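Source file entry_13.txt; content: compact mmCIF, N, CA and C atoms.
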# COMPACT_ATOMS: atom_id res chain seq x y z
N MET A 1 82.62 127.46 104.25
CA MET A 1 83.72 127.18 103.35
C MET A 1 84.14 125.71 103.54
N ASP A 2 84.28 125.00 102.43
CA ASP A 2 84.66 123.59 102.45
C ASP A 2 86.18 123.49 102.35
N GLU A 3 86.80 122.96 103.41
CA GLU A 3 88.25 122.85 103.43
C GLU A 3 88.74 121.43 103.19
N ALA A 4 87.85 120.54 102.76
CA ALA A 4 88.24 119.15 102.52
C ALA A 4 89.12 119.08 101.28
N PRO A 5 90.10 118.17 101.28
CA PRO A 5 90.92 117.98 100.09
C PRO A 5 90.07 117.61 98.88
N LEU A 6 90.59 117.89 97.71
CA LEU A 6 89.84 117.77 96.47
C LEU A 6 89.31 116.36 96.21
N TYR A 7 90.12 115.35 96.37
CA TYR A 7 89.73 113.99 96.00
C TYR A 7 89.52 113.08 97.21
N ILE A 8 89.08 113.63 98.33
CA ILE A 8 88.93 112.83 99.54
C ILE A 8 87.87 111.76 99.37
N ASP A 9 86.77 112.04 98.68
CA ASP A 9 85.73 111.02 98.47
C ASP A 9 86.26 109.87 97.63
N LEU A 10 87.03 110.17 96.62
CA LEU A 10 87.63 109.13 95.79
C LEU A 10 88.62 108.29 96.60
N LEU A 11 89.41 108.94 97.42
CA LEU A 11 90.37 108.23 98.27
C LEU A 11 89.67 107.32 99.26
N LEU A 12 88.63 107.80 99.91
CA LEU A 12 87.88 106.98 100.85
C LEU A 12 87.23 105.80 100.15
N GLY A 13 86.68 106.03 98.97
CA GLY A 13 86.08 104.93 98.20
C GLY A 13 87.11 103.87 97.85
N ALA A 14 88.30 104.30 97.44
CA ALA A 14 89.36 103.35 97.10
C ALA A 14 89.79 102.56 98.34
N ILE A 15 89.84 103.20 99.48
CA ILE A 15 90.20 102.51 100.72
C ILE A 15 89.16 101.45 101.05
N TYR A 16 87.87 101.78 100.92
CA TYR A 16 86.82 100.80 101.20
C TYR A 16 86.87 99.63 100.23
N VAL A 17 87.13 99.89 98.97
CA VAL A 17 87.22 98.81 97.98
C VAL A 17 88.42 97.91 98.29
N LEU A 18 89.55 98.50 98.63
CA LEU A 18 90.73 97.71 98.98
C LEU A 18 90.51 96.90 100.25
N LEU A 19 89.85 97.47 101.23
CA LEU A 19 89.56 96.74 102.46
C LEU A 19 88.66 95.54 102.18
N ALA A 20 87.62 95.74 101.37
CA ALA A 20 86.73 94.62 101.01
C ALA A 20 87.50 93.55 100.25
N ALA A 21 88.37 93.95 99.34
CA ALA A 21 89.16 92.98 98.57
C ALA A 21 90.09 92.20 99.48
N ILE A 22 90.69 92.86 100.45
CA ILE A 22 91.59 92.19 101.38
C ILE A 22 90.83 91.17 102.22
N VAL A 23 89.66 91.54 102.71
CA VAL A 23 88.86 90.62 103.53
C VAL A 23 88.44 89.40 102.70
N LEU A 24 87.98 89.63 101.49
CA LEU A 24 87.57 88.51 100.62
C LEU A 24 88.75 87.62 100.26
N LEU A 25 89.87 88.19 99.93
CA LEU A 25 91.06 87.41 99.58
C LEU A 25 91.58 86.62 100.77
N THR A 26 91.53 87.19 101.94
CA THR A 26 91.96 86.48 103.14
C THR A 26 91.06 85.29 103.42
N GLY A 27 89.75 85.49 103.32
CA GLY A 27 88.80 84.39 103.52
C GLY A 27 88.99 83.28 102.51
N TRP A 28 89.14 83.65 101.24
CA TRP A 28 89.35 82.66 100.19
C TRP A 28 90.65 81.89 100.43
N SER A 29 91.71 82.58 100.81
CA SER A 29 92.99 81.95 101.06
C SER A 29 92.91 80.97 102.23
N LEU A 30 92.18 81.34 103.27
CA LEU A 30 92.02 80.48 104.44
C LEU A 30 91.28 79.20 104.06
N VAL A 31 90.18 79.33 103.35
CA VAL A 31 89.39 78.16 102.94
C VAL A 31 90.23 77.27 102.02
N ARG A 32 90.94 77.86 101.11
CA ARG A 32 91.76 77.10 100.15
C ARG A 32 92.87 76.34 100.86
N SER A 33 93.55 76.99 101.82
CA SER A 33 94.63 76.30 102.52
C SER A 33 94.11 75.17 103.39
N ILE A 34 92.94 75.34 103.99
CA ILE A 34 92.36 74.26 104.80
C ILE A 34 92.02 73.06 103.92
N ARG A 35 91.44 73.31 102.76
CA ARG A 35 91.09 72.22 101.85
C ARG A 35 92.32 71.49 101.32
N LEU A 36 93.38 72.21 101.02
CA LEU A 36 94.59 71.59 100.47
C LEU A 36 95.39 70.82 101.51
N ARG A 37 95.35 71.23 102.74
CA ARG A 37 96.19 70.61 103.77
C ARG A 37 95.52 69.50 104.55
N GLY A 38 94.23 69.37 104.50
CA GLY A 38 93.55 68.31 105.25
C GLY A 38 93.67 68.53 106.74
N LYS A 39 94.24 67.53 107.45
CA LYS A 39 94.37 67.63 108.91
C LYS A 39 95.32 68.74 109.32
N ASP A 40 96.37 68.95 108.53
CA ASP A 40 97.28 70.06 108.84
C ASP A 40 96.57 71.40 108.70
N GLY A 41 95.59 71.46 107.80
CA GLY A 41 94.80 72.68 107.63
C GLY A 41 93.97 72.99 108.84
N ILE A 42 93.44 71.95 109.47
CA ILE A 42 92.65 72.15 110.69
C ILE A 42 93.57 72.62 111.82
N ARG A 43 94.77 72.07 111.89
CA ARG A 43 95.72 72.52 112.91
C ARG A 43 96.11 73.98 112.68
N SER A 44 96.32 74.35 111.42
CA SER A 44 96.66 75.74 111.14
C SER A 44 95.46 76.65 111.39
N MET A 45 94.25 76.11 111.19
CA MET A 45 93.05 76.90 111.48
C MET A 45 92.95 77.16 112.98
N ARG A 46 93.28 76.17 113.79
CA ARG A 46 93.28 76.36 115.25
C ARG A 46 94.31 77.40 115.66
N THR A 47 95.47 77.34 115.01
CA THR A 47 96.51 78.33 115.30
C THR A 47 96.04 79.73 114.91
N ALA A 48 95.40 79.84 113.75
CA ALA A 48 94.89 81.14 113.31
C ALA A 48 93.81 81.64 114.25
N ALA A 49 92.95 80.74 114.73
CA ALA A 49 91.90 81.14 115.67
C ALA A 49 92.51 81.61 116.99
N ALA A 50 93.56 80.93 117.44
CA ALA A 50 94.24 81.35 118.67
C ALA A 50 94.88 82.72 118.49
N MET A 51 95.48 82.96 117.34
CA MET A 51 96.10 84.26 117.08
C MET A 51 95.03 85.36 117.01
N ALA A 52 93.90 85.07 116.39
CA ALA A 52 92.81 86.05 116.33
C ALA A 52 92.28 86.35 117.73
N LEU A 53 92.17 85.32 118.56
CA LEU A 53 91.71 85.52 119.94
C LEU A 53 92.70 86.37 120.73
N LEU A 54 94.00 86.12 120.54
CA LEU A 54 95.00 86.94 121.21
C LEU A 54 94.97 88.39 120.73
N LEU A 55 94.71 88.59 119.44
CA LEU A 55 94.59 89.95 118.91
C LEU A 55 93.40 90.67 119.54
N VAL A 56 92.27 89.99 119.62
CA VAL A 56 91.08 90.59 120.24
C VAL A 56 91.35 90.90 121.71
N ALA A 57 92.03 89.99 122.40
CA ALA A 57 92.37 90.23 123.81
C ALA A 57 93.27 91.46 123.94
N CYS A 58 94.24 91.58 123.03
CA CYS A 58 95.13 92.75 123.05
C CYS A 58 94.34 94.03 122.80
N LEU A 59 93.39 93.98 121.85
CA LEU A 59 92.56 95.15 121.58
C LEU A 59 91.73 95.54 122.80
N VAL A 60 91.17 94.56 123.47
CA VAL A 60 90.35 94.84 124.66
C VAL A 60 91.20 95.45 125.77
N VAL A 61 92.37 94.86 126.01
CA VAL A 61 93.24 95.38 127.08
C VAL A 61 93.69 96.80 126.77
N THR A 62 94.09 97.06 125.52
CA THR A 62 94.54 98.41 125.18
C THR A 62 93.37 99.39 125.17
N TRP A 63 92.16 98.93 124.91
CA TRP A 63 90.97 99.79 125.02
C TRP A 63 90.77 100.20 126.48
N LEU A 64 90.86 99.21 127.38
CA LEU A 64 90.64 99.49 128.80
C LEU A 64 91.73 100.40 129.37
N LEU A 65 92.94 100.28 128.85
CA LEU A 65 94.04 101.11 129.34
C LEU A 65 94.15 102.45 128.62
N GLY A 66 93.30 102.67 127.62
CA GLY A 66 93.35 103.91 126.85
C GLY A 66 93.00 105.13 127.67
N SER A 67 93.64 106.23 127.34
CA SER A 67 93.44 107.47 128.06
C SER A 67 92.16 108.18 127.58
N THR A 68 91.47 108.82 128.51
CA THR A 68 90.29 109.63 128.17
C THR A 68 90.54 111.11 128.44
N ARG A 69 91.79 111.46 128.66
CA ARG A 69 92.14 112.85 128.93
C ARG A 69 91.93 113.68 127.66
N PRO A 70 91.22 114.80 127.75
CA PRO A 70 90.98 115.63 126.56
C PRO A 70 92.28 116.12 125.93
N LEU A 71 92.27 116.22 124.60
CA LEU A 71 93.43 116.69 123.85
C LEU A 71 93.09 117.97 123.10
N THR A 72 94.04 118.85 123.00
CA THR A 72 93.90 120.04 122.19
C THR A 72 94.80 119.89 120.97
N ILE A 73 94.18 119.83 119.79
CA ILE A 73 94.91 119.65 118.55
C ILE A 73 94.53 120.78 117.61
N ASN A 74 95.52 121.55 117.19
CA ASN A 74 95.30 122.71 116.31
C ASN A 74 94.25 123.66 116.86
N GLY A 75 94.27 123.84 118.17
CA GLY A 75 93.35 124.78 118.80
C GLY A 75 91.96 124.23 119.06
N THR A 76 91.70 122.97 118.68
CA THR A 76 90.39 122.35 118.90
C THR A 76 90.51 121.35 120.04
N LEU A 77 89.58 121.43 121.00
CA LEU A 77 89.58 120.53 122.14
C LEU A 77 88.75 119.30 121.80
N TYR A 78 89.38 118.12 121.91
CA TYR A 78 88.69 116.85 121.67
C TYR A 78 88.41 116.20 123.01
N THR A 79 87.12 115.97 123.31
CA THR A 79 86.72 115.44 124.61
C THR A 79 85.92 114.15 124.52
N ASP A 80 85.63 113.65 123.32
CA ASP A 80 84.84 112.44 123.16
C ASP A 80 85.66 111.24 123.63
N THR A 81 85.24 110.63 124.75
CA THR A 81 86.02 109.55 125.35
C THR A 81 86.11 108.33 124.45
N PHE A 82 85.06 108.04 123.67
CA PHE A 82 85.10 106.88 122.77
C PHE A 82 86.24 107.00 121.77
N TRP A 83 86.32 108.13 121.09
CA TRP A 83 87.34 108.30 120.06
C TRP A 83 88.74 108.43 120.66
N LEU A 84 88.83 109.02 121.86
CA LEU A 84 90.13 109.10 122.52
C LEU A 84 90.64 107.71 122.88
N ARG A 85 89.75 106.87 123.42
CA ARG A 85 90.13 105.49 123.75
C ARG A 85 90.43 104.69 122.49
N LEU A 86 89.63 104.88 121.45
CA LEU A 86 89.83 104.13 120.21
C LEU A 86 91.18 104.46 119.58
N SER A 87 91.53 105.72 119.55
CA SER A 87 92.83 106.09 118.96
C SER A 87 93.98 105.54 119.81
N ASP A 88 93.85 105.60 121.13
CA ASP A 88 94.87 105.01 122.00
C ASP A 88 94.96 103.50 121.79
N MET A 89 93.80 102.85 121.65
CA MET A 89 93.78 101.41 121.44
C MET A 89 94.53 101.03 120.17
N LEU A 90 94.26 101.72 119.08
CA LEU A 90 94.90 101.39 117.81
C LEU A 90 96.40 101.66 117.84
N ILE A 91 96.80 102.76 118.45
CA ILE A 91 98.23 103.08 118.53
C ILE A 91 98.95 102.07 119.40
N ASN A 92 98.41 101.78 120.58
CA ASN A 92 99.08 100.86 121.50
C ASN A 92 99.09 99.43 120.97
N THR A 93 98.01 99.00 120.32
CA THR A 93 97.99 97.67 119.73
C THR A 93 99.02 97.57 118.62
N SER A 94 99.15 98.61 117.83
CA SER A 94 100.18 98.62 116.78
C SER A 94 101.57 98.48 117.37
N LEU A 95 101.83 99.18 118.46
CA LEU A 95 103.14 99.08 119.11
C LEU A 95 103.39 97.67 119.66
N VAL A 96 102.36 97.07 120.25
CA VAL A 96 102.50 95.70 120.77
C VAL A 96 102.78 94.74 119.62
N LEU A 97 102.04 94.87 118.51
CA LEU A 97 102.24 93.96 117.38
C LEU A 97 103.61 94.14 116.74
N ILE A 98 104.11 95.37 116.69
CA ILE A 98 105.46 95.60 116.17
C ILE A 98 106.49 94.95 117.08
N ALA A 99 106.31 95.07 118.39
CA ALA A 99 107.24 94.45 119.33
C ALA A 99 107.21 92.93 119.20
N VAL A 100 106.02 92.35 119.03
CA VAL A 100 105.90 90.90 118.85
C VAL A 100 106.58 90.47 117.55
N ALA A 101 106.41 91.25 116.48
CA ALA A 101 107.03 90.91 115.21
C ALA A 101 108.56 90.97 115.32
N VAL A 102 109.08 91.97 115.98
CA VAL A 102 110.53 92.07 116.17
C VAL A 102 111.03 90.88 116.99
N GLY A 103 110.30 90.53 118.03
CA GLY A 103 110.67 89.37 118.84
C GLY A 103 110.63 88.08 118.04
N ALA A 104 109.62 87.92 117.18
CA ALA A 104 109.51 86.71 116.36
C ALA A 104 110.66 86.63 115.36
N VAL A 105 111.02 87.75 114.77
CA VAL A 105 112.14 87.76 113.83
C VAL A 105 113.44 87.43 114.56
N ALA A 106 113.65 88.01 115.72
CA ALA A 106 114.85 87.71 116.50
C ALA A 106 114.89 86.24 116.90
N PHE A 107 113.75 85.69 117.29
CA PHE A 107 113.68 84.27 117.64
C PHE A 107 113.98 83.39 116.42
N GLY A 108 113.47 83.78 115.27
CA GLY A 108 113.73 83.03 114.05
C GLY A 108 115.19 83.05 113.66
N TYR A 109 115.82 84.19 113.80
CA TYR A 109 117.24 84.30 113.46
C TYR A 109 118.15 83.63 114.49
N SER A 110 117.66 83.45 115.71
CA SER A 110 118.51 82.89 116.75
C SER A 110 118.79 81.41 116.54
N GLY A 111 117.94 80.70 115.82
CA GLY A 111 118.13 79.27 115.60
C GLY A 111 117.61 78.41 116.72
N LEU A 112 116.95 79.00 117.71
CA LEU A 112 116.43 78.22 118.84
C LEU A 112 115.34 77.25 118.40
N ILE A 113 114.59 77.58 117.37
CA ILE A 113 113.51 76.69 116.94
C ILE A 113 114.08 75.36 116.48
N ARG A 114 115.27 75.35 115.88
CA ARG A 114 115.89 74.11 115.45
C ARG A 114 116.31 73.27 116.65
N LYS A 115 116.73 73.93 117.72
CA LYS A 115 117.12 73.20 118.93
C LYS A 115 115.91 72.60 119.62
N PHE A 116 114.76 73.29 119.57
CA PHE A 116 113.55 72.79 120.21
C PHE A 116 112.96 71.60 119.45
N LYS A 117 113.14 71.54 118.14
CA LYS A 117 112.57 70.45 117.34
C LYS A 117 113.34 69.15 117.50
N LYS A 118 114.56 69.18 117.97
CA LYS A 118 115.36 67.96 118.11
C LYS A 118 114.91 67.10 119.24

Translate the structure of the given file into structure tokens.
Amino acid sequence: MDEAPLYIDLLLGAIYVLLAAIVLLTGWSLVRSIRLRGKDGIRSMRTAAAMALLLVACLVVTWLLGSTRPLTINGTLYTDTFWLRLSDMLINTSLVLIAVAVGAVAFGYSGLIRKFKK
């Protein structure tokens, strides 16, 4: 008996198309901003590369700290350590990024950046 939702294939296809569009649009936007800004574009590219490196480092750390303890969900025991670590990695990285975003917003509202620029 097939218990999959009716339009799951259509939904997955739409997700893949949107993901491809996002990746292409991000690449195009990056190239365009570098060309328009000149030297400032290279500086922003270095900043973007540093942020990407920090994201990868966060993913690696949360992967290593991920739990491999088996889970029972809806009566099914999940024991595959790869998927257990991957799900922990994604959840924990999301929490770290949310905390960083909240900290950045608080820092922006505090006005300290104006004091540092003087």

**OP:** Taking the DSSP assignment computed from this structure's backbone, write out as a PyMOL selection string all residues of range 33-111 of chain A that belong to strand (DSSP E).
**Re:** chain A and resi 71-73+76-78

Go ahead and save the picked residues with N, CA and C atoms, as a PDB file, in the coordinates of the input.
ATOM      1  N   LEU A  71      92.270 116.220 124.600  1.00  0.00           N
ATOM      2  CA  LEU A  71      93.430 116.690 123.850  1.00  0.00           C
ATOM      3  C   LEU A  71      93.090 117.970 123.100  1.00  0.00           C
ATOM      4  N   THR A  72      94.040 118.850 123.000  1.00  0.00           N
ATOM      5  CA  THR A  72      93.900 120.040 122.190  1.00  0.00           C
ATOM      6  C   THR A  72      94.800 119.890 120.970  1.00  0.00           C
ATOM      7  N   ILE A  73      94.180 119.830 119.790  1.00  0.00           N
ATOM      8  CA  ILE A  73      94.910 119.650 118.550  1.00  0.00           C
ATOM      9  C   ILE A  73      94.530 120.780 117.610  1.00  0.00           C
ATOM     10  N   THR A  76      91.700 122.970 118.680  1.00  0.00           N
ATOM     11  CA  THR A  76      90.390 122.350 118.900  1.00  0.00           C
ATOM     12  C   THR A  76      90.510 121.350 120.040  1.00  0.00           C
ATOM     13  N   LEU A  77      89.580 121.430 121.000  1.00  0.00           N
ATOM     14  CA  LEU A  77      89.580 120.530 122.140  1.00  0.00           C
ATOM     15  C   LEU A  77      88.750 119.300 121.800  1.00  0.00           C
ATOM     16  N   TYR A  78      89.380 118.120 121.910  1.00  0.00           N
ATOM     17  CA  TYR A  78      88.690 116.850 121.670  1.00  0.00           C
ATOM     18  C   TYR A  78      88.410 116.200 123.010  1.00  0.00           C
TER      19      TYR A  78
END

Original post:
CA of Phe82 in chain A and atom N of Val96 in chain A are how many Å apart?
Top reply: 20.0 Å

**OP:** List every protein, DNA or RNA residue with an atom no more than 7 Å from (98.1, 97.9, 123.7) in the file's coordinates, counting all atoms listed in the file, and format the result as a PyMOL selection string.
**Re:** chain A and resi 58-59+61-63+88-89+91-96

Original post:
Got a sec: who's within 12 Å of Thr79 in chain A, counting only C-alpha atoms, leaving out chain neighbours fewer than 6 positions off, as an MDAnalysis selection string?
Top reply: chainID A and resid 67:73 85

Original post:
Do you know which residues are at most 12 Å from Met51 in chain A counting only C-alpha atoms, after dropping those on the same chain fewer than 6 positions away, and could you put them as a ChimeraX atom specification?
Top reply: /A:44-45,57-58,97,100

Find the axis-aligned box for range 59-78 of chain A, covering all its listed atoms and adding 6 Å on each side, and write its centre and edge lengths in Å to one decimal as AutoDock Vina command-line options.
--center_x 92.0 --center_y 109.4 --center_z 122.8 --size_x 19.1 --size_y 42.8 --size_z 25.1

**OP:** Identify, with DSSP run on backbone atoms, the residues in chain A assigned to alpha helix (DSSP H), and express the list as a PyMOL selection string.
**Re:** chain A and resi 8-37+39-64+81-110+112-117
